[in-house]
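Quick notes on the structure that follows.
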Amino acid sequence: MKRILLFLIFVTASYTSLFATTLTGLVQDKETGEPLIGATVEVKVSGDKKYAIVGMDGSFVIKNVPVGKHLVEVSFIGYSRESMEIEFTNGNAVRRNFELISELSELTEFVLSASMIKGSEMQARNMERNAPNTLNIISKRAIELSPDITVANIVQRVSGLSIERNANGDPQHAIVRGMDKRYNYTLINGVKIPSPDNKNRYIPLDIFPAQLLERLEVSKSLNASMEGDAIGGAVNLVMKDAPEEFMLEGDVQLGYNQINMDRGFYSYDRSPINRRSPYQQFGADYFAETSDFPTRNMVLQNVMPLPDIIGSLTYGDRFLNNKLGVMLGGSFQNSYRGVDSQWYRVGLDNFGSNRPTLQRLQERESSTQQQRYAIHSKLDYAISENHVLKFYYGNYQLNDFRVRDMLDTDTEGRNFSVTEGNGILTYITRFTSRFQNIQTLNPRGEHKLSDKFIIDWNAVASLAKSESPDDGNFIRNGELANFVEMPQNIERRNNRRWENNTDRDLTLYLNFTYSPRLINDQTQVKFGGMYRDKERESFFNRYIFDPFNPAFQIQGTHWETFEDVNFQLLNPRGGVSDPLNFESFERIAAGYFTTRWDVFNTEIHAGVRAEMTEQGYSLRVAQQNVNPDSSQNYLDLLPSLSFKHRLNPKTNIRASYYKAVARPGFHEIVPYRMSEDDGFDESGNPGLNRVRANNYDIRWEHFPSLTEQVFLGAFVKDIKDPIEYTLVRDRIFSGPLSLRPNNFGDALNWGLEADFIKYFRRIGLRMNYTYTNSRITTTKITRRREDPNDESSQLVQVIENQTRPLQGQADHIGNFSIMYKSEKTDIQLAAVYTGERIEFVSPFLDNDHWSRPITQLDFSFDQRINKFLTLFVRVNNILDSPYELFIKSPLAREGALFPYQDNPNETMVRTDRFGQSYRVGLRFKRN
């Protein structure tokens with residue numbers, strides 16, 4: 001009986017397939033030919049519903065259509081319905097294309113562009129096509145579907161951009177076209193903001209949550225109306241605008257990091273931490289005591305952390321007959337990250353080979369709890385159709401609570417033996433709390449005084465702060481004897497320090513736009529100016545402790561945890577005489593004039609910008625042999641010229657030139673030297689000059705549809721006095737090395753870019769590739785013996801020239817994403833590749849520190865549950881790709897056995913592993 005039933009089912013299915021067919025085709029805008037993504041195609045079959053949603057390339061497929069004549073109807077919001085009767089015959093596939101007429105066809109092209117859905121891929125491609133400068137955009141929709149939670153994660157998806165990671169392994173700063181982070185600036189809604197970084201002017205992009213973005217814009221060329229200190233480019237965070245109607249959306253996510261599952265999470269009690277040092281609390285004359293310093297925040301704990309929690313909520317609507325638009329948003333992220341590292345302190349051979357030697361091996365396990373808070377509000381009010389006021393307030397907070405537990409092994413000669421299991425060990429546990437905050441207040445206005453004359457203005461008041469209170473080290477000595485670790489003893493010079501800085505920024509922008517209509521309606525003259533008053537204050541205070549009574553305290557006998565140790569305070573007033581206590585300022589006055597012309601299908605922008613800069617510092621405490629205050633003034637004239645020739649409505653050729661500068665950071669020009677436990681000492685350079693560059697850019701761009709693009713481009717940057725950090729000595733052969741910024745003559749940076757987005761109905765491909773080649777020639781030191789055959793002869797130094805890439809520039813950068821999109825499902829697999837690049841520049845020949853090529857693979861899955869809810873899954877760093885630093889020279893001591901040194905032709909310096917991270921979440925939207 002079962003066999004007969006199965007046979008009947010098979011026959012019925014076969015018979016049905018013989019009398020069914022397939023309908024395929026395209027749905028397009030009749031006027032522009034653009035695909036109408038998301039349109040509905042329905043075959044009117046009695047008793048059944050046959051329909052399809054138009055894919056990303058404008059195509060559709062409807063299978064198993066019964067034979068006969070059926071009415072096919074196509075509908076799309078904003079377009080008139082189209083229907084036709086089609087006859088379907090046995091087994092024959094039918095193809096029909098539909099062209100819909102827009103109900104807004106009588107409006108102008110400008111209105112049609114503006115009516116595109118905010119944050120959509122269509123809006124992003126349209127803005128790229130119409131922009132006066134070379135621009136790349138990541139849309140809100142692309143951000144939603146990506147595995148990224150911060151702006152720093154997003155920027156690495158843009159062609160020509162790579163990222164620099166922080167100590168937690170998270171992306172933090174953008175490197176644009178091989179230009180280090182100092183050569184780029186960050187905007188919020190088109191205006192600059194200050195940085196909470198305690199040393200530099202560039203902004204850590206990981207402070208901004210991705211959920212609050214409308215889109216991310218990367219300008220790779222400048223015009224005269226833009227601030228001129230972006231040799232690499234400008235990253236503009238466009239925050240969500242007030243919608244045209246009620247909107248409420250948000251998301252909730254839970255996640256975990258694999259490294260925390262494997263080894264647990266290191267933590268400490270933060271409750272007793274005082275945000276102010278004894279010096280700040282009680283004044284300069286106060287003599288601190290050990291009882292002023294809590295101990296519970298210096299006790300290491302290993303726990304299994306709670307899951308990562310990420311959430312956001314935004315609300316928008318319009319009131320007062322649509323005159324008032326309101327957008328309010330907030331975001332919260334609490335995550336737990338871990339890093340496992342092996343790090344070698346590297347020296348130079350003392351026998352004249354100029355090869356690296358390994359002095360100390362540090363094996364580190366770090367854990368960081370990160371908390372991000374963000375408040376975002378935007379208001380716009382139309383006084384009339386010619387006068388609009390806007391208001392923006394943003395508050396962004398990033399808290400890092402990090403523990404680094406480190407075993408430091410002396411590997412220099414007699415104190416270390418891998419084969420015998422003997423060595424001198426140092427245990428260092430560091431407890432760091434850091435609070436970073438950016439607040440910005442931005443009222444602005446747009447006033448159309450006539451059909452030809454428009455005034456717009458911006459007033460910006462911003463404050464950026466960073467605090468690192470009670471950053472402490474717990475240092476112990478131990479010994480390895482026959483592979484057995486002996487009890488630890490308290491080391492001298494334990495320290496606890498307070499470091500904080502404030503950056504206050506007041507800026508006013510004023511722009512005038514005049515349209516004389518000399519040749520056509522596109523002719524335009526624009527001029528205006530800017531004034532910025534910036535002040536930065538830096539405070540540094542360090543207290544040093546030695547073990548006391550007894551001075552030689554043994555673990556298990558005198559102490560078990562930090563709370564048991566008996567310390568004496570060596571400097572009860574703290575180290576406030578350090579040159580890191582300083583005030584600095586920067587005042588910039590700028591004016592510009594630019595014109596726009598549209599002739600022979602070519603849009604031309606020509607202009608010039610002038611920027612007058614006054615920059616200086618003053619030390620709070622006078623230092624011996626150090627200038628207590630200094631300032632410098634300079635004027636820069638920055639011309640710009642760009643062409644955009646429209647070959648057809650879908651294809652442009654762009655060419656541009658602009659001159660730009662990069663000013664030194666506030667901290668860099670202060671005469672200081674600071675010891676760092678994480679690596680090399682750092683020092684300032686009061687003689688540092690600004691960088692200047694001539695930039696050339698050309699790009700061919702084609703937009704096959706509203707969501708697709710093909711870019712091919714090239715760029716050249718001629719750079720004068722580039723700034724890079726290099727390891728230097730105050731005196732050759734004496735004193736420790738320190739990292740110091742220096743100018744390095746001239747440099748040339750050029751490259752090629754390709755960007756490709758294509759959809760094949762439900763399958764999409766997004767690819768970009770950038771080749772960058774930079775060259776700079778600097779002097780290097782070679783050390784060798786006067787008599788190479790006599791190891792007792794004197795060491796001499798020889799200065800040689802060496803040509804190398806710029807610091808941070810990778811030859812090859814690539815992104816590849818494959819996407820599947822249906823009515824309810826979005827799946828994406830995304831890979832980011834960054835080639836090798838120099839991370840640290842050494843003053844010695846062939847001793848630069850390079851990072852290995854790295855590939856990161858991420859996965860995202862979105863499933864729409866209903867009209868309002870979407871379930872999603874994210875997996876980051878699937879391959880657990882390590883970050884590795886190495887020197888392209890073999891070790892001086894050939895044949896020596898060192899851990900993690902597997903290649904005899906190079907020297908491994910550092911390896912970091914971050915583990916995979918997993919998240920699951922629910923996104924909702926109501927409008």
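Ordered as shown in the structure tokens, chains take letters A, B, and onward, while each chain numbers its residues from 1 and ligands are numbered from 1 in the order shown.
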
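Within the 10 Å cut-off around A:Ser384, using only C-alpha atoms and omitting residues fewer than 3 positions from it on the same chain, the listed residues are Lys323, Tyr381, His387, Val388, Leu389, His447 and Lys448 of chain A.
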
Selected residues written out, all heavy atoms, as an mmCIF file, in the first residue's frame:
data_model
loop_
_atom_site.group_PDB
_atom_site.id
_atom_site.type_symbol
_atom_site.label_atom_id
_atom_site.label_comp_id
_atom_site.auth_asym_id
_atom_site.auth_seq_id
_atom_site.Cartn_x
_atom_site.Cartn_y
_atom_site.Cartn_z
ATOM 1 N N LYS A 323 7.471 71.071 10.910
ATOM 2 C CA LYS A 323 8.524 72.079 11.014
ATOM 3 C C LYS A 323 9.651 71.642 11.948
ATOM 4 O O LYS A 323 10.815 71.988 11.739
ATOM 5 C CB LYS A 323 7.946 73.402 11.508
ATOM 6 C CG LYS A 323 7.150 74.165 10.465
ATOM 7 C CD LYS A 323 6.811 75.561 10.974
ATOM 8 C CE LYS A 323 6.175 76.394 9.876
ATOM 9 N NZ LYS A 323 5.939 77.790 10.330
ATOM 10 N N TYR A 381 14.658 72.740 12.904
ATOM 11 C CA TYR A 381 13.436 73.540 12.940
ATOM 12 C C TYR A 381 13.420 74.485 11.747
ATOM 13 O O TYR A 381 14.352 75.279 11.547
ATOM 14 C CB TYR A 381 13.333 74.345 14.231
ATOM 15 C CG TYR A 381 12.075 75.182 14.306
ATOM 16 C CD1 TYR A 381 10.836 74.580 14.525
ATOM 17 C CD2 TYR A 381 12.121 76.565 14.140
ATOM 18 C CE1 TYR A 381 9.680 75.340 14.574
ATOM 19 C CE2 TYR A 381 10.969 77.329 14.206
ATOM 20 C CZ TYR A 381 9.745 76.705 14.415
ATOM 21 O OH TYR A 381 8.592 77.457 14.468
ATOM 22 N N HIS A 387 14.701 79.462 5.904
ATOM 23 C CA HIS A 387 15.536 79.579 7.096
ATOM 24 C C HIS A 387 15.341 78.347 7.978
ATOM 25 O O HIS A 387 14.229 78.081 8.444
ATOM 26 C CB HIS A 387 15.187 80.842 7.883
ATOM 27 C CG HIS A 387 15.385 82.106 7.104
ATOM 28 N ND1 HIS A 387 16.597 82.726 6.984
ATOM 29 C CD2 HIS A 387 14.493 82.848 6.382
ATOM 30 C CE1 HIS A 387 16.471 83.808 6.231
ATOM 31 N NE2 HIS A 387 15.203 83.906 5.855
ATOM 32 N N VAL A 388 16.444 77.614 8.193
ATOM 33 C CA VAL A 388 16.407 76.378 8.969
ATOM 34 C C VAL A 388 17.487 76.435 10.043
ATOM 35 O O VAL A 388 18.637 76.804 9.780
ATOM 36 C CB VAL A 388 16.631 75.141 8.075
ATOM 37 C CG1 VAL A 388 16.649 73.867 8.927
ATOM 38 C CG2 VAL A 388 15.561 75.047 7.007
ATOM 39 N N LEU A 389 17.114 76.079 11.264
ATOM 40 C CA LEU A 389 18.049 75.964 12.372
ATOM 41 C C LEU A 389 18.214 74.490 12.740
ATOM 42 O O LEU A 389 17.227 73.733 12.751
ATOM 43 C CB LEU A 389 17.563 76.756 13.585
ATOM 44 C CG LEU A 389 17.423 78.269 13.413
ATOM 45 C CD1 LEU A 389 16.901 78.891 14.711
ATOM 46 C CD2 LEU A 389 18.763 78.897 13.032
ATOM 47 N N HIS A 447 20.453 79.839 5.793
ATOM 48 C CA HIS A 447 19.581 80.974 5.494
ATOM 49 C C HIS A 447 19.667 81.313 4.008
ATOM 50 O O HIS A 447 20.727 81.737 3.526
ATOM 51 C CB HIS A 447 19.976 82.188 6.337
ATOM 52 C CG HIS A 447 20.090 81.873 7.802
ATOM 53 N ND1 HIS A 447 18.988 81.791 8.623
ATOM 54 C CD2 HIS A 447 21.174 81.588 8.580
ATOM 55 C CE1 HIS A 447 19.382 81.493 9.855
ATOM 56 N NE2 HIS A 447 20.709 81.360 9.842
ATOM 57 N N LYS A 448 18.570 81.126 3.322
ATOM 58 C CA LYS A 448 18.492 81.460 1.898
ATOM 59 C C LYS A 448 17.939 82.874 1.775
ATOM 60 O O LYS A 448 16.746 83.115 1.929
ATOM 61 C CB LYS A 448 17.600 80.457 1.175
ATOM 62 C CG LYS A 448 17.564 80.646 -0.333
ATOM 63 C CD LYS A 448 16.726 79.556 -0.989
ATOM 64 C CE LYS A 448 16.706 79.730 -2.493
ATOM 65 N NZ LYS A 448 15.853 78.699 -3.161
#

*Identify all residues of stretch 849-878 of chain A in strand (DSSP E) (DSSP on the backbone) and supply them as a list in words.*
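Output for stretch 849-878 of chain A, strand (DSSP E) only: His849, Trp850, Ser851, Ile854, Thr855, Gln856, Leu857, Asp858, Phe859, Ser860, Phe861, Asp862, Gln863, Arg864, Leu869, Thr870, Leu871, Phe872, Val873, Arg874, Val875 and Asn876 of chain A.
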
*How far is it from atom CA of A:Met819 to atom CA of A:Val54, in Å with one decimal?*
15.9 Å

_Atomic distance atom CA of A:Ser75 - atom CA of A:Glu99, expressed in Å with one decimal_ =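 Separation between atom CA of A:Ser75 and atom CA of A:Glu99: 10.6 Å.
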
_Give me, as a ChimeraX atom specification, all polymer residues having an atom no more than 6 Å from stretch 286-302 of chain A, counting only C-alpha atoms and skipping those fewer than 4 positions away in the same chain._
/A:265-270,282,562-563,572-573

Write to file, as an mmCIF file, in the first residue's frame, the residues of the selection just made, with C-alpha atoms.
data_model
loop_
_atom_site.group_PDB
_atom_site.id
_atom_site.type_symbol
_atom_site.label_atom_id
_atom_site.label_comp_id
_atom_site.auth_asym_id
_atom_site.auth_seq_id
_atom_site.Cartn_x
_atom_site.Cartn_y
_atom_site.Cartn_z
ATOM 1 C CA PHE A 265 39.008 36.660 32.647
ATOM 2 C CA TYR A 266 41.387 38.678 34.827
ATOM 3 C CA SER A 267 39.691 41.311 36.919
ATOM 4 C CA TYR A 268 40.112 43.528 39.991
ATOM 5 C CA ASP A 269 37.990 45.470 42.447
ATOM 6 C CA ARG A 270 37.577 49.009 41.060
ATOM 7 C CA PHE A 282 45.222 67.734 49.501
ATOM 8 C CA PHE A 562 49.309 42.545 47.279
ATOM 9 C CA GLU A 563 47.332 43.443 50.418
ATOM 10 C CA PRO A 572 55.466 61.417 49.273
ATOM 11 C CA ARG A 573 54.749 64.508 47.140
#

*From the list A:Ile424, A:Leu647, A:Lys118, A:Gln863, which residue is nearest A:Val484 when using only C-alpha atoms?*
A:Ile424

_For a test of reading the model, state the distance in Å between atom CA of A:Gly472 and atom CA of A:Gln333, rounded to one decimal._
25.8 Å

*asked:* Here is a test: counting only C-alpha atoms, which residue of A:Pro882, A:Gly329, A:Gly684, A:Gly835 is nearest to A:Gly169?
replied: A:Pro882

_I'd like the neighbourhood of stretch 246-257 of chain A as a ChimeraX atom specification, where a residue qualifies if any of its atoms comes within 8 Å (using only C-alpha atoms), though same-chain residues fewer than 3 positions away should be ignored._
/A:243,260-261,307-318,336-338,915-927

*Go through stretch 207-420 of chain A and collect every residue that DSSP, computed from the backbone, puts in helix (DSSP H, G or I); the answer should be as a PyMOL selection string.*
chain A and resi 207+210-212+258-263+278-282+290-292+296-298+413-415

*Do a neighbour search on A:Ile428 at 9 Å with only C-alpha atoms, toss out local chain neighbours closer than 6 positions, and write the hits as JSON, numbers by chain.*
{"A": [404, 405, 406, 407, 408, 473, 474, 475, 476, 477]}

*Check the smallest atom-to-atom distance from each of A:Arg360, A:Arg497, A:Lys140, A:Arg699 to A:Gly119 using only C-alpha atoms, then report the winner.*
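Among the listed residues, A:Lys140 lies closest to A:Gly119.
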
*Quick one: of A:Pro272, A:Gly233, A:Pro579, A:Gly713, who's nearest to A:Phe756, counting only C-alpha atoms?*
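Closest to A:Phe756 of all the choices is A:Gly713.
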